[in-house]
Amino acid sequence: MLAERRHQLILRALRSGGPAAVTDLSEQLGVSPATVRRDLLKLEEEGLLTRVHGGAVVDEGDQPFAEVAEVRVAEKDAIAARAAAMVADGQSVLLDIGTTAFRLARQLHGRRLTVITSNLVVYEELADDEGIELVLLGGMVRREYRSLVGFLTEDNLRQLHADWLFLGTSGVRPGGQVMDTTVVEVPVKRAMIKASGKVVLLADSAKFPGTGMAKVCGPEDLDVVVTDAPVDAVTRSSLEEAGVQVVLAGKAGAA
């Protein structure tokens with residue numbers, strides 16, 4: 001069995017059945033425990049699972065969009081306003097899933113822009129704004145989080161290029177790694193990064209370190225981080241060493 005196929009089956013087993021032991025996965029796949037351990041190590045390096053004693057687990061827990069949308073609204077609006085000011089009329093903007101991207105979409109009304117998104121709430125917000133050329137990516141619908149995911153979304157992104165990506169996150173580690181709580185969103189986020197000229201991370205202060213076990217990217221993939229409060233010294237140092245500009249919402253320059 002090819003390694004890629006084993007990886008798919010391992011992730012499927014963990015998502016459907018919860019944590020699993022190496023011995024159980026070995027029996028299910030018909031391969032040696034040593035092979036399973038190598039597979040788990042590779043998948044953990046890619047941010048797709050977490051190894052635990054004797055096995056592995058996938059954490060796909062996230063809150064429904066409607067719940068998250070009611071949290072830290074003022075902070076998200078400040079971040080959104082600062083991010084919107086970076087974009088010039090005539091440019092193309094790629095908006096990630098999530099509630100901060102939605103708040104940013106509300107700041108773009110009346111602008112002459114192209115907006116590309118897999119965020120259904122962003123689509124609904126901008127659908128009637130005739131000044132905005134709106135591109136909705138295809139894919140499977142995640143109803144609870146109002147997003148589109150999967151290989152169709154990724155394929156669409158490979159055909160596009162945006163001047164700006166405004167990326168959401170569930171957590172930023174002290175080393176500058178951008179994390180997410182939901183494995184299925186990670187490939188889409190990575191495809192968005194590849195499709196964009198400038199990558200701006202939108203992260204309120206609760207995202208340092210926040211949550212999430214799936215790695216989206218490292219600090220070297222970012223150009224700017226927009227946040228609402230000063231970043232802790234260790235994380236700020238990691239970002240600055242990678243050449244990332246840290247912008248404090250409401251301020252004219254870098255944090």
# chains A, B, ... in the order shown; residues from 1 in each chain; ligands from 1

$ residues_around --residues "Thr235 of chain A" --least-positions-apart "5" --cutoff "10 Å" --atoms "only C-alpha atoms" --output "PyMOL selection string"
chain A and resi 172-177+208-209+219+240-241

$ select_by_dssp --residues "segment 104-254 of chain A" --states "alpha helix (DSSP H)" --output "PyMOL selection string"
chain A and resi 104-107+120-126+151-158+186-194+233-241

$ closest_residue --among "A:Lys215, A:Arg5, A:Arg143, A:His161" --to "Ser92 of chain A" --atoms "only C-alpha atoms"
A:His161

$ closest_atom_pairs --of "segment 141-230 of chain A" --to "segment 28-45 of chain A" --cutoff "12 Å" --atoms "only C-alpha atoms" --output "JSON lines"
{"residue": "A:Val183", "atom": "CA", "partner": "A:Leu43", "partner_atom": "CA", "distance": 11.1}
{"residue": "A:Met213", "atom": "CA", "partner": "A:Glu44", "partner_atom": "CA", "distance": 9.2}
{"residue": "A:Ala214", "atom": "CA", "partner": "A:Glu44", "partner_atom": "CA", "distance": 8.3}
{"residue": "A:Lys215", "atom": "CA", "partner": "A:Glu45", "partner_atom": "CA", "distance": 8.5}
{"residue": "A:Val216", "atom": "CA", "partner": "A:Glu45", "partner_atom": "CA", "distance": 11.1}
{"residue": "A:Cys217", "atom": "CA", "partner": "A:Glu45", "partner_atom": "CA", "distance": 11.4}

$ write_last_selection --atoms "C-alpha atoms" --output "PDB file, in the first residue's frame"
ATOM      1  CA  VAL A 183      -7.490  19.597  10.080  1.00  0.00           C
ATOM      2  CA  MET A 213      -2.930  21.320  16.956  1.00  0.00           C
ATOM      3  CA  ALA A 214      -2.738  21.502  13.147  1.00  0.00           C
ATOM      4  CA  LYS A 215       0.069  23.657  11.744  1.00  0.00           C
ATOM      5  CA  VAL A 216      -0.950  25.889   8.859  1.00  0.00           C
ATOM      6  CA  CYS A 217       2.393  27.595   8.194  1.00  0.00           C
TER       7      CYS A 217
END

$ closest_residue --among "A:Leu248, A:Leu239, A:Val93, A:Leu137" --to "Lys198 of chain A" --atoms "only C-alpha atoms"
A:Val93

$ atom_distance --atom1 "atom CA of Asp128 of chain A" --atom2 "atom CA of Leu148 of chain A"
20.2 Å

$ residues_around --residues "Trp164 of chain A" --least-positions-apart "2" --cutoff "8 Å" --atoms "only C-alpha atoms" --output "ChimeraX atom specification"
/A:87,92-94,162,166,196-200

$ residues_around --residues "Gly139 of chain A" --least-positions-apart "2" --cutoff "6 Å" --atoms "only C-alpha atoms" --output "VMD selection string"
chain A and resid 148 to 150 152 to 153

$ atom_distance --atom1 "atom CA of Leu201 of chain A" --atom2 "atom CA of Val188 of chain A"
15.0 Å

$ select_by_dssp --residues "segment 66-150 of chain A" --states "strand (DSSP E)" --output "list in words"
Ser92, Val93, Leu94, Leu95, Leu113, Thr114, Val115, Ile116, Thr117, Ile132, Glu133, Leu134, Val135, Leu136, Met140, Val141, Arg142, Ser147, Leu148 and Val149 of chain A

$ write_last_selection --atoms "N, CA, C and O atoms" --output "PDB file, in the first residue's frame"
ATOM      1  N   SER A  92      -6.897  42.795  -5.741  1.00  0.00           N
ATOM      2  CA  SER A  92      -7.642  41.572  -5.455  1.00  0.00           C
ATOM      3  C   SER A  92      -7.318  41.104  -4.035  1.00  0.00           C
ATOM      4  O   SER A  92      -6.171  41.160  -3.595  1.00  0.00           O
ATOM      5  N   VAL A  93      -8.345  40.627  -3.350  1.00  0.00           N
ATOM      6  CA  VAL A  93      -8.251  40.276  -1.936  1.00  0.00           C
ATOM      7  C   VAL A  93      -8.814  38.877  -1.738  1.00  0.00           C
ATOM      8  O   VAL A  93      -9.923  38.577  -2.183  1.00  0.00           O
ATOM      9  N   LEU A  94      -8.048  38.042  -1.077  1.00  0.00           N
ATOM     10  CA  LEU A  94      -8.496  36.694  -0.729  1.00  0.00           C
ATOM     11  C   LEU A  94      -8.817  36.673   0.753  1.00  0.00           C
ATOM     12  O   LEU A  94      -7.968  36.994   1.582  1.00  0.00           O
ATOM     13  N   LEU A  95     -10.056  36.326   1.089  1.00  0.00           N
ATOM     14  CA  LEU A  95     -10.495  36.320   2.481  1.00  0.00           C
ATOM     15  C   LEU A  95     -10.710  34.885   2.949  1.00  0.00           C
ATOM     16  O   LEU A  95     -11.455  34.116   2.349  1.00  0.00           O
ATOM     17  N   LEU A 113     -12.990  46.542  -5.789  1.00  0.00           N
ATOM     18  CA  LEU A 113     -12.077  45.445  -5.491  1.00  0.00           C
ATOM     19  C   LEU A 113     -12.585  44.144  -6.089  1.00  0.00           C
ATOM     20  O   LEU A 113     -13.762  44.009  -6.409  1.00  0.00           O
ATOM     21  N   THR A 114     -11.681  43.184  -6.185  1.00  0.00           N
ATOM     22  CA  THR A 114     -12.068  41.799  -6.425  1.00  0.00           C
ATOM     23  C   THR A 114     -11.852  41.039  -5.121  1.00  0.00           C
ATOM     24  O   THR A 114     -10.759  41.078  -4.552  1.00  0.00           O
ATOM     25  N   VAL A 115     -12.885  40.376  -4.640  1.00  0.00           N
ATOM     26  CA  VAL A 115     -12.796  39.605  -3.400  1.00  0.00           C
ATOM     27  C   VAL A 115     -13.026  38.140  -3.723  1.00  0.00           C
ATOM     28  O   VAL A 115     -14.030  37.771  -4.333  1.00  0.00           O
ATOM     29  N   ILE A 116     -12.088  37.313  -3.313  1.00  0.00           N
ATOM     30  CA  ILE A 116     -12.152  35.857  -3.510  1.00  0.00           C
ATOM     31  C   ILE A 116     -12.281  35.228  -2.132  1.00  0.00           C
ATOM     32  O   ILE A 116     -11.530  35.582  -1.218  1.00  0.00           O
ATOM     33  N   THR A 117     -13.197  34.270  -1.981  1.00  0.00           N
ATOM     34  CA  THR A 117     -13.384  33.714  -0.648  1.00  0.00           C
ATOM     35  C   THR A 117     -14.001  32.319  -0.670  1.00  0.00           C
ATOM     36  O   THR A 117     -14.692  31.951  -1.623  1.00  0.00           O
ATOM     37  N   ILE A 132     -17.957  45.520  -6.044  1.00  0.00           N
ATOM     38  CA  ILE A 132     -17.014  44.448  -5.747  1.00  0.00           C
ATOM     39  C   ILE A 132     -17.256  43.267  -6.678  1.00  0.00           C
ATOM     40  O   ILE A 132     -18.382  42.762  -6.781  1.00  0.00           O
ATOM     41  N   GLU A 133     -16.199  42.858  -7.375  1.00  0.00           N
ATOM     42  CA  GLU A 133     -16.267  41.643  -8.168  1.00  0.00           C
ATOM     43  C   GLU A 133     -16.021  40.480  -7.218  1.00  0.00           C
ATOM     44  O   GLU A 133     -14.947  40.379  -6.616  1.00  0.00           O
ATOM     45  N   LEU A 134     -16.991  39.619  -7.073  1.00  0.00           N
ATOM     46  CA  LEU A 134     -16.972  38.606  -6.022  1.00  0.00           C
ATOM     47  C   LEU A 134     -16.786  37.224  -6.626  1.00  0.00           C
ATOM     48  O   LEU A 134     -17.527  36.814  -7.513  1.00  0.00           O
ATOM     49  N   VAL A 135     -15.764  36.514  -6.143  1.00  0.00           N
ATOM     50  CA  VAL A 135     -15.467  35.160  -6.607  1.00  0.00           C
ATOM     51  C   VAL A 135     -15.653  34.210  -5.434  1.00  0.00           C
ATOM     52  O   VAL A 135     -14.944  34.305  -4.424  1.00  0.00           O
ATOM     53  N   LEU A 136     -16.622  33.292  -5.556  1.00  0.00           N
ATOM     54  CA  LEU A 136     -16.864  32.298  -4.516  1.00  0.00           C
ATOM     55  C   LEU A 136     -16.216  30.980  -4.933  1.00  0.00           C
ATOM     56  O   LEU A 136     -16.543  30.428  -5.982  1.00  0.00           O
ATOM     57  N   MET A 140     -16.846  21.507  -0.717  1.00  0.00           N
ATOM     58  CA  MET A 140     -17.822  20.920   0.194  1.00  0.00           C
ATOM     59  C   MET A 140     -18.183  21.930   1.278  1.00  0.00           C
ATOM     60  O   MET A 140     -17.303  22.610   1.810  1.00  0.00           O
ATOM     61  N   VAL A 141     -19.452  22.010   1.625  1.00  0.00           N
ATOM     62  CA  VAL A 141     -19.919  22.988   2.608  1.00  0.00           C
ATOM     63  C   VAL A 141     -19.773  22.435   4.027  1.00  0.00           C
ATOM     64  O   VAL A 141     -20.268  21.344   4.333  1.00  0.00           O
ATOM     65  N   ARG A 142     -19.082  23.194   4.871  1.00  0.00           N
ATOM     66  CA  ARG A 142     -19.073  22.925   6.314  1.00  0.00           C
ATOM     67  C   ARG A 142     -20.139  23.845   6.912  1.00  0.00           C
ATOM     68  O   ARG A 142     -19.901  25.032   7.133  1.00  0.00           O
ATOM     69  N   SER A 147     -18.217  27.488   5.732  1.00  0.00           N
ATOM     70  CA  SER A 147     -17.058  27.546   4.862  1.00  0.00           C
ATOM     71  C   SER A 147     -17.114  26.449   3.812  1.00  0.00           C
ATOM     72  O   SER A 147     -17.887  25.494   3.923  1.00  0.00           O
ATOM     73  N   LEU A 148     -16.268  26.598   2.792  1.00  0.00           N
ATOM     74  CA  LEU A 148     -16.125  25.605   1.732  1.00  0.00           C
ATOM     75  C   LEU A 148     -14.722  25.015   1.807  1.00  0.00           C
ATOM     76  O   LEU A 148     -13.735  25.740   1.928  1.00  0.00           O
ATOM     77  N   VAL A 149     -14.635  23.688   1.732  1.00  0.00           N
ATOM     78  CA  VAL A 149     -13.352  23.015   1.882  1.00  0.00           C
ATOM     79  C   VAL A 149     -13.243  21.872   0.877  1.00  0.00           C
ATOM     80  O   VAL A 149     -14.206  21.537   0.192  1.00  0.00           O
TER      81      VAL A 149
END

$ closest_residue --among "A:Thr100, A:Gln107, A:Pro230, A:Arg51" --to "Ala84 of chain A" --atoms "only C-alpha atoms"
A:Gln107

$ closest_residue --among "A:Ala195, A:Ala233, A:Ala88, A:Leu104" --to "Val73 of chain A" --atoms "only C-alpha atoms"
A:Leu104

$ residues_around --residues "Ala56 of chain A" --least-positions-apart "6" --cutoff "8 Å" --atoms "only C-alpha atoms" --output "VMD selection string"
chain A and resid 14 19 to 22 40 49 to 50

$ decode --residues "segment 114-148 of chain A" --atoms "N, CA and C atoms" --output "short mmCIF file (atom, residue, chain, number, x, y, z; two decimals), in the first residue's frame"
data_model
loop_
_atom_site.label_atom_id
_atom_site.label_comp_id
_atom_site.auth_asym_id
_atom_site.auth_seq_id
_atom_site.Cartn_x
_atom_site.Cartn_y
_atom_site.Cartn_z
N THR A 114 -11.68 43.18 -6.19
CA THR A 114 -12.07 41.80 -6.42
C THR A 114 -11.85 41.04 -5.12
N VAL A 115 -12.89 40.38 -4.64
CA VAL A 115 -12.80 39.61 -3.40
C VAL A 115 -13.03 38.14 -3.72
N ILE A 116 -12.09 37.31 -3.31
CA ILE A 116 -12.15 35.86 -3.51
C ILE A 116 -12.28 35.23 -2.13
N THR A 117 -13.20 34.27 -1.98
CA THR A 117 -13.38 33.71 -0.65
C THR A 117 -14.00 32.32 -0.67
N SER A 118 -13.74 31.58 0.40
CA SER A 118 -14.43 30.31 0.66
C SER A 118 -15.33 30.47 1.88
N ASN A 119 -15.52 31.70 2.30
CA ASN A 119 -16.29 32.04 3.49
C ASN A 119 -17.70 32.44 3.05
N LEU A 120 -18.68 31.61 3.37
CA LEU A 120 -20.04 31.86 2.92
C LEU A 120 -20.64 33.12 3.53
N VAL A 121 -20.21 33.47 4.73
CA VAL A 121 -20.73 34.68 5.36
C VAL A 121 -20.17 35.93 4.68
N VAL A 122 -18.91 35.87 4.26
CA VAL A 122 -18.33 36.96 3.47
C VAL A 122 -19.09 37.11 2.15
N TYR A 123 -19.38 35.98 1.50
CA TYR A 123 -20.14 36.02 0.25
C TYR A 123 -21.50 36.70 0.47
N GLU A 124 -22.19 36.30 1.52
CA GLU A 124 -23.51 36.87 1.79
C GLU A 124 -23.42 38.36 2.10
N GLU A 125 -22.35 38.77 2.78
CA GLU A 125 -22.17 40.18 3.13
C GLU A 125 -21.95 41.04 1.89
N LEU A 126 -21.20 40.53 0.92
CA LEU A 126 -20.79 41.35 -0.22
C LEU A 126 -21.58 41.09 -1.50
N ALA A 127 -22.50 40.14 -1.47
CA ALA A 127 -23.19 39.72 -2.70
C ALA A 127 -23.93 40.85 -3.40
N ASP A 128 -24.46 41.80 -2.66
CA ASP A 128 -25.25 42.88 -3.27
C ASP A 128 -24.43 44.14 -3.54
N ASP A 129 -23.13 44.12 -3.24
CA ASP A 129 -22.27 45.29 -3.47
C ASP A 129 -21.74 45.22 -4.90
N GLU A 130 -22.32 46.02 -5.79
CA GLU A 130 -22.01 45.93 -7.21
C GLU A 130 -20.62 46.46 -7.56
N GLY A 131 -19.99 47.18 -6.64
CA GLY A 131 -18.64 47.67 -6.89
C GLY A 131 -17.58 46.60 -6.69
N ILE A 132 -17.96 45.52 -6.04
CA ILE A 132 -17.01 44.45 -5.75
C ILE A 132 -17.26 43.27 -6.68
N GLU A 133 -16.20 42.86 -7.37
CA GLU A 133 -16.27 41.64 -8.17
C GLU A 133 -16.02 40.48 -7.22
N LEU A 134 -16.99 39.62 -7.07
CA LEU A 134 -16.97 38.61 -6.02
C LEU A 134 -16.79 37.22 -6.63
N VAL A 135 -15.76 36.51 -6.14
CA VAL A 135 -15.47 35.16 -6.61
C VAL A 135 -15.65 34.21 -5.43
N LEU A 136 -16.62 33.29 -5.56
CA LEU A 136 -16.86 32.30 -4.52
C LEU A 136 -16.22 30.98 -4.93
N LEU A 137 -15.30 30.50 -4.13
CA LEU A 137 -14.61 29.24 -4.41
C LEU A 137 -15.57 28.07 -4.25
N GLY A 138 -15.37 27.01 -5.02
CA GLY A 138 -16.19 25.83 -4.88
C GLY A 138 -15.71 24.95 -3.74
N GLY A 139 -16.46 23.87 -3.48
CA GLY A 139 -16.03 22.93 -2.45
C GLY A 139 -17.19 22.35 -1.67
N MET A 140 -16.85 21.51 -0.72
CA MET A 140 -17.82 20.92 0.19
C MET A 140 -18.18 21.93 1.28
N VAL A 141 -19.45 22.01 1.63
CA VAL A 141 -19.92 22.99 2.61
C VAL A 141 -19.77 22.44 4.03
N ARG A 142 -19.08 23.19 4.87
CA ARG A 142 -19.07 22.92 6.31
C ARG A 142 -20.14 23.84 6.91
N ARG A 143 -21.31 23.30 7.14
CA ARG A 143 -22.45 24.12 7.53
C ARG A 143 -22.25 24.85 8.84
N GLU A 144 -21.69 24.17 9.83
CA GLU A 144 -21.54 24.78 11.15
C GLU A 144 -20.60 25.98 11.13
N TYR A 145 -19.59 25.90 10.26
CA TYR A 145 -18.62 27.00 10.23
C TYR A 145 -18.71 27.85 8.97
N ARG A 146 -19.73 27.60 8.15
CA ARG A 146 -20.05 28.44 7.00
C ARG A 146 -18.87 28.60 6.05
N SER A 147 -18.22 27.49 5.73
CA SER A 147 -17.06 27.55 4.86
C SER A 147 -17.11 26.45 3.81
N LEU A 148 -16.27 26.60 2.79
CA LEU A 148 -16.12 25.60 1.73
C LEU A 148 -14.72 25.01 1.81
#
